[in-house]
Amino acid sequence: MANPFSIHKSTENGLSVLGLEGYLDAHTAPEFEKTVQGEFEAGRTQMVVECSRLTYISSAGLGVFMSFIDEIRAAGGDIKICGLAPKVFQVFDILGFSALFDIVPDVPAAVQRFQEAPVKET
Amino acid sequence: MILAIWFSEYWPAAHWKIVPRTEVLERAREVARQFGFDAGKTTSHITASVSKSLGYYAQQHPTDENARTISPLTERVTFVSTTESAEVGVDSAGLPIYWNAPTTFKAKKPPTVSESDAAQQAFTLMSGSSAPQFSAPSRSMGDDPNEEEYVWKKLLPAHSDVREQIKVVTKGAAVQQAERKVTIISDEDADSETGDNRTYWSVLAAIFWTLCTTANVAIYGIYLLWLIRRSMSQRFPLTMAIAALAVMAVTLFAGADGSSLFNAIPILCIVAVGRGISPGSRPKWMSLEQLSWLAPVARATGESLAAGVLCSPMLVAIPSLLAGCGLFGQSTAVVPQDLAVLYSRIPVLDSLNVASLVYALGFFGFGVPALGRMFRYRWLRWAIVLPLGTVFFANSVRVVTGPLPAPLTAGFCTLALFGFLYKYFDLLAVLTLQLTSGIVLSMLTMAHTGGSVGPFVLVLACLLGVAFWIAARGQAVATGDPRAVNPELGFFRAEREKLQAEFSVARRAQEGMLPRRPPEIPGYTIAASCTPSLEVGGDLYDFLELPDGRIGLGVADVSGKGVPAALYMTLTKGLLASVSQDGADLATVVEQVNKHLHSVTRKKVFVTMALGFLDAERRVLQCVRAGHNPMVWRQREKDTTTLVSPPGLGMGITASAVFRNQMKVEEMNLAEGDAVVFYSDGITEAMNSQLEQFGDQRLMDVVAQTDHLDAAQTHDLILSAVREFLGGVHPQDDMTLVVLRVKDERMMVSG
C-alpha cells in the first residue's frame, strides 16, 4: 500500500505556508520534520500548516508539530494549523492540540491570527 | 571513440611516439648489453611513466628546439634472473635514459679500460652521440668511497627553461648507474601575465590547499580509527577476503605487468571494515554489499552499475572539456593516464585501476557520512563538503594544469559528477564510475596509439549488459520503496531474522509486564487484553490498587512503534505505579506522570492515557483523558451509549500549567448493568481492505448490544467484531481493550 505524501511550500503575506497532502505517518514524518526545520533555520518562524489535502495523520506526524513548537515560539514565531478535515481535526483534538495550537479554518484566517496574536497565549 | 577524436588536441599521448612492446624490449636488451649485462636469460617486466611537466612544456612550446628532444614518456624495463636484476629506461626515441646495474655486477670488459674511459663510454651511450653541446664533466666522489660520480650538463640557450644533464656513477671499470635527466625550471610561465599577483595568490592557494587537505586526511583518519574500533560482522569481511584472494590469483595467473590489482586487497579490507559496523543501517552501501555477496537481486543494483558505466565518458571528458573551453587561459588537460596499459600483456586487466577507488570510497563511503553524523544542519554540511570535496578531487585527480581556478574547477566538476551519482544512486554507482572511467581512459589511450580497443569495448559492453539485465530482472527494491528507506525491513533475510528474534524477546518481555489477570472486585467484572501488531508496540493497560482502597484502571498508548515505544511504555507503567501510591487525587497523579515523562522524553515522544479511579462501593468512576481516545459508557437503564471525553492533553507534550488547566476530571455514577470500555486507537483505527476505519460509531454500536453480557463476553464480542470488520487484513497497530461491567444482581449472567 503506497502512502503518498507531499509538501507544497509557498508564502502568504510574508508567512511561510506549508501545504500538506496525503498520509503523514511514521514513514513520511521525517520529510515534514526536515521541511519545518529548514524553515526554522532559514528564519521563517511564522508558519501556516495548511492541511485541507491531508488525509491521515499518525502519532509520529503529530510529534513533528510538538517537537518544534517551543523552539519556534521562543524565536517569536508560531505554527498555525488550518484547513483540517473533520477526521484529521478529531485526531488533533483528541490529543488536546486545540489547546496548544491555533487551529483556524483557512490560510487567510491564519494570516489574520498571526496579526492578532503572533504567538498563541497559553 | 568520438571523445578520442574530438579531444585529441588535448590528449598528450596523441603527440607522443609510442614504441611497441617488443621493440622496447629489444632496445633495452641492447642497452644492457652495451653496459656489459647479458639480458638473454632473464625475465623482463615493463612499466611506463610520464612526466606531466615535461609533457605540458612540450605542448606549450612547440617551437623550442630543446623541447623537441624531450620525451615525457619513459619505458622502464626490469630484467630479472635467478641471482640478479638490472633496470633499463628507454625513451620514446629509443635512447637510453636510465641504467641501474645489479649489485653483483661485474663488468665483462677488459680490465685495461680506466674508470674515466668507462664513464666516457657510458656518456656517449646516454647522449646518443658525441654531443658537443655538453659541458666537460664534473667529477666527485660518490656515496661509496669506491664510487666516482661524473656529471655532464647540456649547454643551452639562456632563454630556454629546459635543463638537461647526464650523470654516471662508476665503480672500478663498471658503470653502476647512468641517468639522463631533463627538468623544466619553470613550467608556470602561463601565469606570467598576472605578474605581481602571482606570489600573493600562490601563497593564498597553498594555505587553502594545505588546510583543506589536512582536514580531509584528519576526517578520514579519525573515521577509520573509529570504524576499526567497532566490532565487525562476519559474513561480509569473509567474502571480501575471498574476493581479495581471487583478485590476487587472477593477477598472478594472467601475468599482467600492472600491480594495481594488488591494491584491491587493502581496498577490499577498507570496504569490509566500513561495512562491518552497524549492519543494515546504511542504504548507500546496500547495492555494493549485495554485489559482493553475488546476490544482486535488487533493481537498484543494476541501475547503479549502469549509471556508473554511462557516466564514465563524462568523467574522462571533464579535463579535456575544461582545457578546451578556454576559460582559464593556457590551461591544459593532463589526462591521468596509467601507461602501464600500453606495455601490458593483457591491457584490459591493467586498465582496472583498483587503487583509484580509494579516493571515491574514502570521500563518499566514509567522509560524507561522517560529516552527516557530525553536523546536524544541512547548509553547514554543504559548506564543508563543497570546498573539501573540490580540493580533494582536484588533488586526487589533478587533471588540469594552469592557473589555480582551472584545477579547482576540474575538482568541482568531478565532485559534482560523483555527488550526483551518490545522491541519486549509491556508493556502488560512485565506485563503478571510478573503475570504468579507468577502462575508458585506457581505451582512448590505446585508440590514440594505434592499439587494439576491442577487449575494452567488450568489457564495457558486458558490464552494461549485466547492469541492464539486473535492472530489468531484479526485484523492485528501489529508491522510494519504504523497504529501501527503512533498511531494518530490508531484504537481507539473515539480518531480518536476527532482528525479528530480538523483537520477539522484547515482545515477550513486554507482554510479561501486563497484569496476568484483572483484579476481582465484588459487584463488577473486568476483562482486558492487548493484542500486539507485528512489531513491538507502545500500548499498555494496567490496574492499580490505590491506598484509599479504590481501584485504578487505565489504557495508555505511546506514540511511534518499535523498541523506543516499548521502552517508554515500560517507563509509563513504572511511573504510574509509583505515583499512584502517594495517595494523591486522579488529576495530580496524571500531572505527576506527565511531568516525569516530559523531562525524560524531551518532546520526542508523547503518551496518551485514559485513566479511571473506581470507588466500587459508591459506584463512582472518576475519569481523565490525557489526549487518549474517549471512553465508551453504556448505560443500560437509560439505554444510552456515549463517548466520555473530558478535555485533556497528551502526556509528555508540555509540562507547563496548560496541562493541568486543560485537564478535567469527569465523574461517572455507574448503575447496575453499566459498562465502561477503555481502548486504544488500534481498535477504532483498524483499517480494512477498503481503507475504511472501524471507528467510534461501530464500537458504540457493538457495545450497545452487550447489556446481557459480562465483561469477558463483551470484550470478546468487541474483538470479534473488529476482526470480522478487518476481514483477514492484519491489524497494523496494537489493539488494547479494557472492559468494566457493573454486575446486575438480578441477571448474574456470568454464573
# chains A, B, ... in the order shown; residues from 1 in each chain; ligands from 1

call {"tool": "interface_residues", "arguments": {"of": "chain A", "to": "chain B", "cutoff": "10 Å", "atoms": "only C-alpha atoms", "output": "ChimeraX atom specification"}}
result
/A:2-3,25-28,34,37-38,41-42,58-70,91-100,122

call {"tool": "write_last_selection", "arguments": {"atoms": "N, CA and C atoms", "output": "JSON list (two decimals), in the first residue's frame"}}
result
[["chain", "number", "residue", "atom", "x", "y", "z"],
["A", 2, "ALA", "N", 0.76, 2.01, -1.05],
["A", 2, "ALA", "CA", 1.58, 3.22, -1.14],
["A", 2, "ALA", "C", 0.94, 4.32, -0.31],
["A", 3, "ASN", "N", 1.75, 5.03, 0.41],
["A", 3, "ASN", "CA", 1.25, 6.14, 1.19],
["A", 3, "ASN", "C", 1.86, 7.44, 0.68],
["A", 25, "ASP", "N", 2.59, 9.87, 8.13],
["A", 25, "ASP", "CA", 2.76, 8.79, 9.10],
["A", 25, "ASP", "C", 4.23, 8.61, 9.43],
["A", 26, "ALA", "N", 4.56, 7.50, 10.06],
["A", 26, "ALA", "CA", 5.94, 7.30, 10.51],
["A", 26, "ALA", "C", 6.93, 7.33, 9.36],
["A", 27, "HIS", "N", 6.48, 6.92, 8.16],
["A", 27, "HIS", "CA", 7.38, 6.91, 7.01],
["A", 27, "HIS", "C", 7.60, 8.31, 6.44],
["A", 28, "THR", "N", 6.55, 9.12, 6.49],
["A", 28, "THR", "CA", 6.65, 10.42, 5.82],
["A", 28, "THR", "C", 6.94, 11.57, 6.79],
["A", 34, "LYS", "N", 11.97, 17.67, 8.34],
["A", 34, "LYS", "CA", 13.06, 18.35, 7.66],
["A", 34, "LYS", "C", 12.60, 19.70, 7.13],
["A", 37, "GLN", "N", 12.13, 22.15, 9.95],
["A", 37, "GLN", "CA", 13.45, 22.54, 10.45],
["A", 37, "GLN", "C", 14.13, 23.51, 9.49],
["A", 38, "GLY", "N", 13.99, 23.20, 8.18],
["A", 38, "GLY", "CA", 14.57, 24.08, 7.16],
["A", 38, "GLY", "C", 14.01, 25.48, 7.25],
["A", 41, "GLU", "N", 15.37, 27.18, 10.40],
["A", 41, "GLU", "CA", 16.77, 27.59, 10.28],
["A", 41, "GLU", "C", 16.92, 28.77, 9.33],
["A", 42, "ALA", "N", 16.01, 28.85, 8.36],
["A", 42, "ALA", "CA", 16.08, 29.98, 7.42],
["A", 42, "ALA", "C", 15.47, 31.23, 8.03],
["A", 58, "SER", "N", -0.66, 10.33, 11.70],
["A", 58, "SER", "CA", -0.42, 9.38, 12.79],
["A", 58, "SER", "C", 0.28, 10.10, 13.92],
["A", 59, "SER", "N", 0.53, 9.37, 14.99],
["A", 59, "SER", "CA", 1.15, 10.00, 16.16],
["A", 59, "SER", "C", 2.53, 10.54, 15.82],
["A", 60, "ALA", "N", 3.23, 9.86, 14.89],
["A", 60, "ALA", "CA", 4.55, 10.37, 14.50],
["A", 60, "ALA", "C", 4.42, 11.73, 13.83],
["A", 61, "GLY", "N", 3.36, 11.91, 13.05],
["A", 61, "GLY", "CA", 3.12, 13.19, 12.39],
["A", 61, "GLY", "C", 2.83, 14.28, 13.40],
["A", 62, "LEU", "N", 2.01, 13.95, 14.40],
["A", 62, "LEU", "CA", 1.70, 14.92, 15.45],
["A", 62, "LEU", "C", 2.96, 15.29, 16.22],
["A", 63, "GLY", "N", 3.85, 14.31, 16.35],
["A", 63, "GLY", "CA", 5.09, 14.54, 17.08],
["A", 63, "GLY", "C", 5.92, 15.65, 16.46],
["A", 64, "VAL", "N", 5.83, 15.80, 15.13],
["A", 64, "VAL", "CA", 6.62, 16.83, 14.46],
["A", 64, "VAL", "C", 6.19, 18.22, 14.94],
["A", 65, "PHE", "N", 4.86, 18.44, 15.00],
["A", 65, "PHE", "CA", 4.34, 19.73, 15.47],
["A", 65, "PHE", "C", 4.88, 20.03, 16.86],
["A", 66, "MET", "N", 4.82, 18.97, 17.68],
["A", 66, "MET", "CA", 5.16, 19.10, 19.07],
["A", 66, "MET", "C", 6.63, 19.41, 19.29],
["A", 67, "SER", "N", 7.48, 18.72, 18.49],
["A", 67, "SER", "CA", 8.90, 18.80, 18.80],
["A", 67, "SER", "C", 9.49, 20.16, 18.44],
["A", 68, "PHE", "N", 8.80, 20.93, 17.59],
["A", 68, "PHE", "CA", 9.41, 22.20, 17.18],
["A", 68, "PHE", "C", 8.79, 23.41, 17.86],
["A", 69, "ILE", "N", 7.58, 23.22, 18.42],
["A", 69, "ILE", "CA", 6.79, 24.40, 18.74],
["A", 69, "ILE", "C", 7.46, 25.28, 19.78],
["A", 70, "ASP", "N", 8.13, 24.69, 20.77],
["A", 70, "ASP", "CA", 8.76, 25.51, 21.81],
["A", 70, "ASP", "C", 9.87, 26.38, 21.24],
["A", 91, "VAL", "N", -8.34, 13.87, 15.35],
["A", 91, "VAL", "CA", -7.08, 13.35, 15.87],
["A", 91, "VAL", "C", -6.33, 14.45, 16.64],
["A", 92, "PHE", "N", -6.29, 15.65, 16.05],
["A", 92, "PHE", "CA", -5.65, 16.77, 16.73],
["A", 92, "PHE", "C", -6.35, 17.07, 18.05],
["A", 93, "ASP", "N", -7.67, 17.02, 17.98],
["A", 93, "ASP", "CA", -8.47, 17.45, 19.12],
["A", 93, "ASP", "C", -8.37, 16.45, 20.28],
["A", 94, "ILE", "N", -8.40, 15.17, 19.94],
["A", 94, "ILE", "CA", -8.32, 14.15, 20.99],
["A", 94, "ILE", "C", -7.05, 14.32, 21.81],
["A", 95, "LEU", "N", -5.97, 14.62, 21.10],
["A", 95, "LEU", "CA", -4.68, 14.75, 21.78],
["A", 95, "LEU", "C", -4.58, 16.06, 22.56],
["A", 96, "GLY", "N", -5.53, 16.96, 22.33],
["A", 96, "GLY", "CA", -5.51, 18.22, 23.05],
["A", 96, "GLY", "C", -4.75, 19.31, 22.33],
["A", 97, "PHE", "N", -4.51, 19.11, 21.04],
["A", 97, "PHE", "CA", -3.74, 20.11, 20.30],
["A", 97, "PHE", "C", -4.48, 21.43, 20.17],
["A", 98, "SER", "N", -5.82, 21.40, 20.28],
["A", 98, "SER", "CA", -6.55, 22.67, 20.15],
["A", 98, "SER", "C", -6.19, 23.61, 21.29],
["A", 99, "ALA", "N", -5.70, 23.05, 22.39],
["A", 99, "ALA", "CA", -5.29, 23.91, 23.49],
["A", 99, "ALA", "C", -3.89, 24.45, 23.29],
["A", 100, "LEU", "N", -3.11, 23.77, 22.47],
["A", 100, "LEU", "CA", -1.71, 24.15, 22.32],
["A", 100, "LEU", "C", -1.47, 24.96, 21.05],
["A", 122, "THR", "N", -0.89, 30.77, 26.02],
["A", 122, "THR", "CA", -1.39, 29.55, 26.67],
["A", 122, "THR", "C", -1.36, 29.74, 28.18]]

call {"tool": "residues_around", "arguments": {"residues": "Gly14 of chain A", "least_positions_apart": "5", "cutoff": "10 Å", "atoms": "only C-alpha atoms", "output": "ChimeraX atom specification"}}
result
/A:44,46-47,111

call {"tool": "atom_distance", "arguments": {"atom1": "atom CA of Thr210 of chain B", "atom2": "atom CA of Ser51 of chain B"}}
result
23.6 Å

call {"tool": "residues_around", "arguments": {"residues": "Gln115 of chain A", "least_positions_apart": "4", "cutoff": "12 Å", "atoms": "only C-alpha atoms", "output": "PDB file with C-alpha atoms, in the first residue's frame"}}
result
ATOM      1  CA  ASN A  13       1.922  37.955   3.433  1.00  0.00           C
ATOM      2  CA  GLY A  14       5.469  37.037   4.409  1.00  0.00           C
ATOM      3  CA  LEU A  15       4.303  33.924   6.198  1.00  0.00           C
ATOM      4  CA  GLN A  46       5.891  32.191  11.229  1.00  0.00           C
ATOM      5  CA  GLY A  77       7.259  32.619  15.705  1.00  0.00           C
ATOM      6  CA  ASP A  78       4.372  30.165  15.742  1.00  0.00           C
ATOM      7  CA  LYS A  80      -0.939  27.984  12.934  1.00  0.00           C
ATOM      8  CA  PRO A 108      -6.488  33.978   5.363  1.00  0.00           C
ATOM      9  CA  ALA A 109      -7.746  33.263   8.861  1.00  0.00           C
ATOM     10  CA  ALA A 110      -4.289  32.085   9.818  1.00  0.00           C
ATOM     11  CA  VAL A 111      -2.779  35.273   8.400  1.00  0.00           C
ATOM     12  CA  VAL A 119       2.374  33.692  19.456  1.00  0.00           C
ATOM     13  CA  LYS A 120      -0.506  31.719  20.914  1.00  0.00           C
TER      14      LYS A 120
END

call {"tool": "select_by_dssp", "arguments": {"residues": "segment 575-703 of chain B", "states": "strand (DSSP E or B)", "output": "short mmCIF file (atom, residue, chain, number, x, y, z; two decimals) with N, CA and C atoms, in the first residue's frame"}}
result
data_model
loop_
_atom_site.label_atom_id
_atom_site.label_comp_id
_atom_site.auth_asym_id
_atom_site.auth_seq_id
_atom_site.Cartn_x
_atom_site.Cartn_y
_atom_site.Cartn_z
N VAL B 607 2.69 10.38 25.26
CA VAL B 607 1.93 9.24 25.73
C VAL B 607 0.51 9.70 25.98
N THR B 608 -0.45 8.98 25.42
CA THR B 608 -1.84 9.30 25.73
C THR B 608 -2.37 8.25 26.69
N MET B 609 -3.29 8.69 27.55
CA MET B 609 -3.77 7.74 28.55
C MET B 609 -5.21 8.07 28.94
N ALA B 610 -5.98 7.03 29.11
CA ALA B 610 -7.29 7.17 29.74
C ALA B 610 -7.21 6.43 31.05
N LEU B 611 -7.49 7.16 32.15
CA LEU B 611 -7.31 6.54 33.47
C LEU B 611 -8.56 6.78 34.31
N GLY B 612 -9.00 5.73 34.94
CA GLY B 612 -10.16 5.87 35.81
C GLY B 612 -9.85 5.36 37.22
N PHE B 613 -10.41 6.05 38.24
CA PHE B 613 -10.32 5.56 39.61
C PHE B 613 -11.73 5.14 40.02
N LEU B 614 -11.87 3.89 40.37
CA LEU B 614 -13.21 3.36 40.66
C LEU B 614 -13.41 3.19 42.16
N ASP B 615 -14.44 3.85 42.64
CA ASP B 615 -14.87 3.61 44.02
C ASP B 615 -15.97 2.56 43.94
N VAL B 620 -18.77 4.94 41.84
CA VAL B 620 -18.37 6.19 41.19
C VAL B 620 -17.05 5.95 40.46
N LEU B 621 -17.04 6.28 39.19
CA LEU B 621 -15.81 6.15 38.41
C LEU B 621 -15.36 7.55 38.00
N GLN B 622 -14.18 7.94 38.52
CA GLN B 622 -13.60 9.22 38.10
C GLN B 622 -12.69 8.96 36.91
N CYS B 623 -12.81 9.78 35.90
CA CYS B 623 -12.03 9.54 34.70
C CYS B 623 -11.28 10.78 34.24
N VAL B 624 -10.07 10.57 33.73
CA VAL B 624 -9.42 11.65 32.98
C VAL B 624 -9.00 11.08 31.63
N ARG B 625 -8.83 11.99 30.70
CA ARG B 625 -8.45 11.57 29.36
C ARG B 625 -7.26 12.44 28.96
N ALA B 626 -6.05 11.88 29.04
CA ALA B 626 -4.85 12.65 28.68
C ALA B 626 -4.56 12.43 27.20
N GLY B 627 -5.31 13.13 26.36
CA GLY B 627 -5.07 13.04 24.92
C GLY B 627 -5.45 11.70 24.31
N MET B 631 -13.67 7.32 26.40
CA MET B 631 -14.19 6.04 26.87
C MET B 631 -15.63 5.88 26.37
N VAL B 632 -16.02 4.62 26.22
CA VAL B 632 -17.41 4.38 25.83
C VAL B 632 -18.18 3.97 27.10
N TRP B 633 -19.26 4.68 27.36
CA TRP B 633 -20.05 4.39 28.55
C TRP B 633 -21.42 3.91 28.12
N ARG B 634 -21.71 2.67 28.41
CA ARG B 634 -23.02 2.11 28.11
C ARG B 634 -23.86 2.16 29.38
N GLN B 635 -24.98 2.91 29.34
CA GLN B 635 -25.89 2.96 30.47
C GLN B 635 -27.13 2.15 30.11
N THR B 640 -28.52 4.26 26.79
CA THR B 640 -27.71 5.22 26.02
C THR B 640 -26.27 4.72 25.97
N THR B 641 -25.62 5.04 24.86
CA THR B 641 -24.19 4.74 24.73
C THR B 641 -23.51 6.06 24.39
N THR B 642 -22.58 6.49 25.23
CA THR B 642 -21.97 7.81 25.00
C THR B 642 -20.45 7.70 25.03
N LEU B 643 -19.81 8.68 24.38
CA LEU B 643 -18.36 8.81 24.48
C LEU B 643 -18.07 9.78 25.61
N VAL B 644 -17.29 9.33 26.58
CA VAL B 644 -16.93 10.21 27.68
C VAL B 644 -15.59 10.86 27.31
N MET B 651 0.32 13.29 27.39
CA MET B 651 1.42 13.47 28.35
C MET B 651 2.76 13.51 27.63
N GLU B 666 -13.79 13.79 34.98
CA GLU B 666 -15.22 13.51 34.79
C GLU B 666 -15.64 12.44 35.79
N GLU B 667 -16.78 12.67 36.39
CA GLU B 667 -17.25 11.69 37.36
C GLU B 667 -18.46 10.96 36.80
N MET B 668 -18.39 9.64 36.78
CA MET B 668 -19.50 8.87 36.22
C MET B 668 -20.15 8.09 37.36
N ASN B 669 -21.44 8.27 37.51
CA ASN B 669 -22.18 7.49 38.50
C ASN B 669 -22.73 6.26 37.81
N ALA B 675 -21.63 -0.48 31.47
CA ALA B 675 -20.30 -0.92 31.05
C ALA B 675 -19.49 0.31 30.65
N VAL B 676 -18.21 0.27 31.00
CA VAL B 676 -17.29 1.32 30.55
C VAL B 676 -16.16 0.63 29.79
N VAL B 677 -15.89 1.13 28.58
CA VAL B 677 -14.88 0.49 27.73
C VAL B 677 -13.72 1.47 27.50
N PHE B 678 -12.55 1.07 27.92
CA PHE B 678 -11.31 1.80 27.60
C PHE B 678 -10.65 1.08 26.43
N TYR B 679 -10.06 1.82 25.50
CA TYR B 679 -9.44 1.16 24.34
C TYR B 679 -8.34 2.06 23.76
N MET B 687 -8.07 -0.77 10.05
CA MET B 687 -8.48 -0.42 8.69
C MET B 687 -8.65 -1.68 7.85
N GLN B 693 -12.10 2.80 8.31
CA GLN B 693 -11.71 2.57 9.70
C GLN B 693 -12.90 2.02 10.49
#

call {"tool": "residues_around", "arguments": {"residues": "Met513 of chain B", "least_positions_apart": "6", "cutoff": "9 Å", "atoms": "only C-alpha atoms", "output": "MDAnalysis selection string"}}
result
chainID B and resid 540 570 573

call {"tool": "closest_residue", "arguments": {"among": "B:Leu544, B:Ala307, B:Leu553, B:Ile346", "to": "Thr436 of chain B", "atoms": "only C-alpha atoms"}}
result
B:Ala307

call {"tool": "atom_distance", "arguments": {"atom1": "atom CA of Ala173 of chain B", "atom2": "atom CA of Val31 of chain B"}}
result
17.1 Å
